[in-house]
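Raw contents of input-v7.pdb, PDB, C-alpha atoms:
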ATOM      1  CA  MET A 926     100.726 103.036  88.462
ATOM      2  CA  LYS A 927     100.473 103.540  84.757
ATOM      3  CA  GLN A 928     102.768 106.049  83.172
ATOM      4  CA  GLY A 929     100.697 108.527  81.214
ATOM      5  CA  GLY A 930     101.862 111.728  79.643
ATOM      6  CA  GLU A 931      99.135 113.786  81.285
ATOM      7  CA  THR A 932     100.245 116.415  83.755
ATOM      8  CA  ARG A 933      96.987 118.346  84.192
ATOM      9  CA  VAL A 934      93.784 117.116  85.728
ATOM     10  CA  PRO A 935      90.915 117.211  83.204
ATOM     11  CA  GLU A 936      89.004 120.500  83.298
ATOM     12  CA  ASN A 937      85.689 118.689  83.743
ATOM     13  CA  PHE A 938      86.941 117.567  87.206
ATOM     14  CA  ARG A 939      86.965 121.179  88.467
ATOM     15  CA  PRO A 940      83.568 120.919  90.262
ATOM     16  CA  TYR A 941      84.904 118.010  92.337
ATOM     17  CA  PHE A 942      87.721 120.197  93.689
ATOM     18  CA  TRP A 943      85.742 123.284  94.720
ATOM     19  CA  ASP A 944      87.689 123.618  97.968
ATOM     20  CA  ILE A 945      91.225 123.954  96.565
ATOM     21  CA  GLU A 946      93.066 125.828  93.834
ATOM     22  CA  PHE A 947      92.272 123.515  90.947
ATOM     23  CA  GLU A 948      95.142 124.821  88.806
ATOM     24  CA  LYS A 949      97.651 123.568  91.378
ATOM     25  CA  LEU A 950      96.518 119.931  91.172
ATOM     26  CA  GLU A 951      99.097 117.695  89.523
ATOM     27  CA  VAL A 952      98.216 114.308  88.060
ATOM     28  CA  GLN A 953     101.314 112.543  89.407
ATOM     29  CA  LYS A 954     101.870 114.463  92.648
ATOM     30  CA  ASP A 955      98.275 114.377  93.927
ATOM     31  CA  ILE A 956      97.371 110.789  93.016
ATOM     32  CA  PHE A 957      95.809 109.801  96.359
ATOM     33  CA  PHE A 958      93.746 112.986  96.736
ATOM     34  CA  ILE A 959      92.505 112.963  93.134
ATOM     35  CA  THR A 960      91.619 109.281  93.327
ATOM     36  CA  LYS A 961      89.662 109.663  96.590
ATOM     37  CA  ARG A 962      87.680 112.592  95.248
ATOM     38  CA  ILE A 963      86.838 110.935  91.925
ATOM     39  CA  LEU A 964      85.882 107.633  93.560
ATOM     40  CA  ASP A 965      83.448 109.477  95.833
ATOM     41  CA  ARG A 966      82.031 111.988  93.368
ATOM     42  CA  GLY A 967      82.950 110.994  89.827
ATOM     43  CA  ASN A 968      80.876 109.363  87.130
ATOM     44  CA  PHE A 969      81.623 106.330  84.957
ATOM     45  CA  SER A 970      83.696 108.346  82.497
ATOM     46  CA  ASP A 971      85.748 109.835  85.349
ATOM     47  CA  ILE A 972      86.416 106.368  86.770
ATOM     48  CA  ARG A 973      87.613 105.213  83.340
ATOM     49  CA  TRP A 974      90.074 108.135  83.354
ATOM     50  CA  LEU A 975      91.314 107.049  86.817
ATOM     51  CA  ILE A 976      91.883 103.479  85.683
ATOM     52  CA  LYS A 977      93.565 104.558  82.441
ATOM     53  CA  THR A 978      95.774 107.104  84.211
ATOM     54  CA  TYR A 979      96.658 105.335  87.467
ATOM     55  CA  GLY A 980      95.609 101.700  87.124
ATOM     56  CA  ILE A 981      93.386  99.553  89.290
ATOM     57  CA  GLU A 982      96.106  98.967  91.914
ATOM     58  CA  VAL A 983      96.070 102.653  92.872
ATOM     59  CA  ILE A 984      92.311 102.482  93.373
ATOM     60  CA  LYS A 985      92.817  99.413  95.571
ATOM     61  CA  LYS A 986      95.478 101.232  97.642
ATOM     62  CA  VAL A 987      93.168 104.210  98.156
ATOM     63  CA  VAL A 988      90.193 102.050  99.170
ATOM     64  CA  LEU A 989      92.383 100.102 101.609
ATOM     65  CA  GLY A 990      94.243 103.171 102.838
ATOM     66  CA  THR A 991      91.716 105.784 103.876
ATOM     67  CA  ARG A 992      88.746 106.314 106.165
ATOM     68  CA  ASP A 993      87.773 109.373 104.138
ATOM     69  CA  LEU A 994      85.737 107.548 101.505
ATOM     70  CA  ASP A 995      81.975 107.454 101.699
ATOM     71  CA  ARG A 996      80.727 104.096 103.042
ATOM     72  CA  LEU A 997      78.764 103.429  99.837
ATOM     73  CA  THR A 998      81.894 104.079  97.781
ATOM     74  CA  GLY A 999      83.974 101.786  99.983
ATOM     75  CA  ASN A1000      81.369  99.040  99.858
ATOM     76  CA  PHE A1001      81.046  99.283  96.064
ATOM     77  CA  TRP A1002      84.804  99.131  95.448
ATOM     78  CA  ALA A1003      85.310  96.339  97.977
ATOM     79  CA  ASP A1004      82.794  94.286  95.972
ATOM     80  CA  ILE A1005      84.263  95.249  92.581
ATOM     81  CA  LEU A1006      87.854  94.561  93.684
ATOM     82  CA  GLY A1007      87.042  91.482  95.759
ATOM     83  CA  LEU A1008      88.432  93.037  98.947
ATOM     84  CA  ASP A1009      87.763  91.816 102.465
ATOM     85  CA  LYS A1010      85.396  94.447 103.847
ATOM     86  CA  LYS A1011      87.007  94.051 107.283
ATOM     87  CA  GLN A1012      90.148  95.594 105.754
ATOM     88  CA  VAL A1013      88.388  98.618 104.231
ATOM     89  CA  PRO A1014      88.833 101.457 106.770
ATOM     90  CA  CYS A1015      85.767 103.475 105.778
ATOM     91  CA  LEU A1016      83.537 100.444 106.445
ATOM     92  CA  GLN A1017      84.761  99.961 110.012
ATOM     93  CA  LYS A1018      82.842 101.179 113.017
ATOM     94  CA  PRO A1019      84.027 104.667 113.949
ATOM     95  CA  TYR A1020      85.731 104.999 117.290
ATOM     96  CA  SER A1021      83.673 106.318 120.171
ATOM     97  CA  PRO A1022      85.307 109.217 121.957
ATOM     98  CA  ILE A1023      85.454 109.112 125.727
ATOM     99  CA  HIS A1024      83.448 111.992 127.123
ATOM    100  CA  PHE A1025      85.321 114.316 129.430
ATOM    101  CA  GLY A1026      84.375 114.012 133.078
ATOM    102  CA  LEU A1027      83.445 110.343 132.868
ATOM    103  CA  SER A1028      85.627 107.703 134.425
ATOM    104  CA  SER A1029      86.174 104.326 132.830
TER     105      SER A1029
END
Could you express the structure from this file as structure tokens?
Amino acid sequence: MKQGGETRVPENFRPYFWDIEFEKLEVQKDIFFITKRILDRGNFSDIRWLIKTYGIEVIKKVVLGTRDLDRLTGNFWADILGLDKKQVPCLQKPYSPIHFGLSS
């Protein structure tokens, strides 16, 4: 991860974090959450901020470490980063729950 002096998330990211108290987000503490949200919803300028602030390795860790990304996002970043799509969790077939009352 790159060491930047920023402690606050840019104000223009506020719409991406409608479901939390935006003021409590911290650039260094909430790396994974911020990165996931910006990868899924951000624009080109936002992605540049991610790369400048965290580095490409953090993006790679997020893509390889979460099912929460949109499939299109996961597919895009797997191509950009040259990742094996079989290792990208959000691109894997979701599990099928066993319905109650049915025997195997």
Exercise for the section: Taking the file above as input, evaluate the PyMOL selection byres ((chain A and resi 946-960) around 12) and report the hits as a ChimeraX atom specification. Expected result: /A:926-945,961-967,971-976,978-991,993-994,998
Exercise for the section: Run the PyMOL selection byres ((chain A and resi 1016) around 12) against the file shown and list the residues it catches, as a PyMOL selection string. Expected result: chain A and resi 988-1003+1008-1015+1017-1020
With 4 Å added on each side, what axis-aligned box encloses every listed atom of range 931-944 of chain A? Give the centre and edge lengths in Å to one decimal, as JSON.
{"center_x": 91.9, "center_y": 118.7, "center_z": 89.6, "size_x": 24.7, "size_y": 17.8, "size_z": 24.7}
Missing atoms in range 1001-1017 of chain A: can you complete it with N, CA and C atoms, as a short mmCIF file (atom, residue, chain, number, x, y, z; two decimals), in the coordinates of the input?
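Final output, saved to out-v5.cif:
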data_model
loop_
_atom_site.label_atom_id
_atom_site.label_comp_id
_atom_site.auth_asym_id
_atom_site.auth_seq_id
_atom_site.Cartn_x
_atom_site.Cartn_y
_atom_site.Cartn_z
N PHE A 1001 81.06 99.55 97.50
CA PHE A 1001 81.05 99.28 96.06
C PHE A 1001 82.40 98.77 95.58
N TRP A 1002 83.48 99.50 95.93
CA TRP A 1002 84.80 99.13 95.45
C TRP A 1002 85.31 97.86 96.11
N ALA A 1003 84.94 97.61 97.35
CA ALA A 1003 85.31 96.34 97.98
C ALA A 1003 84.70 95.18 97.19
N ASP A 1004 83.44 95.33 96.79
CA ASP A 1004 82.79 94.29 95.97
C ASP A 1004 83.45 94.15 94.60
N ILE A 1005 83.68 95.27 93.93
CA ILE A 1005 84.26 95.25 92.58
C ILE A 1005 85.68 94.65 92.60
N LEU A 1006 86.46 95.00 93.62
CA LEU A 1006 87.85 94.56 93.68
C LEU A 1006 88.05 93.26 94.46
N GLY A 1007 86.96 92.72 95.00
CA GLY A 1007 87.04 91.48 95.76
C GLY A 1007 87.83 91.62 97.05
N LEU A 1008 87.69 92.77 97.71
CA LEU A 1008 88.43 93.04 98.95
C LEU A 1008 87.65 92.55 100.16
N ASP A 1009 88.37 92.17 101.19
CA ASP A 1009 87.76 91.82 102.46
C ASP A 1009 87.26 93.12 103.11
N LYS A 1010 85.98 93.20 103.32
CA LYS A 1010 85.40 94.45 103.85
C LYS A 1010 85.90 94.78 105.26
N LYS A 1011 86.44 93.80 105.96
CA LYS A 1011 87.01 94.05 107.28
C LYS A 1011 88.32 94.83 107.16
N GLN A 1012 88.89 94.87 105.97
CA GLN A 1012 90.15 95.59 105.75
C GLN A 1012 89.94 96.97 105.13
N VAL A 1013 88.69 97.32 104.85
CA VAL A 1013 88.39 98.62 104.23
C VAL A 1013 88.07 99.61 105.35
N PRO A 1014 88.98 100.56 105.61
CA PRO A 1014 88.83 101.46 106.77
C PRO A 1014 87.51 102.21 106.84
N CYS A 1015 87.00 102.67 105.72
CA CYS A 1015 85.77 103.48 105.78
C CYS A 1015 84.53 102.63 106.11
N LEU A 1016 84.66 101.32 106.11
CA LEU A 1016 83.54 100.44 106.44
C LEU A 1016 83.58 99.98 107.91
N GLN A 1017 84.62 100.38 108.62
CA GLN A 1017 84.76 99.96 110.01
C GLN A 1017 83.99 100.90 110.92
#
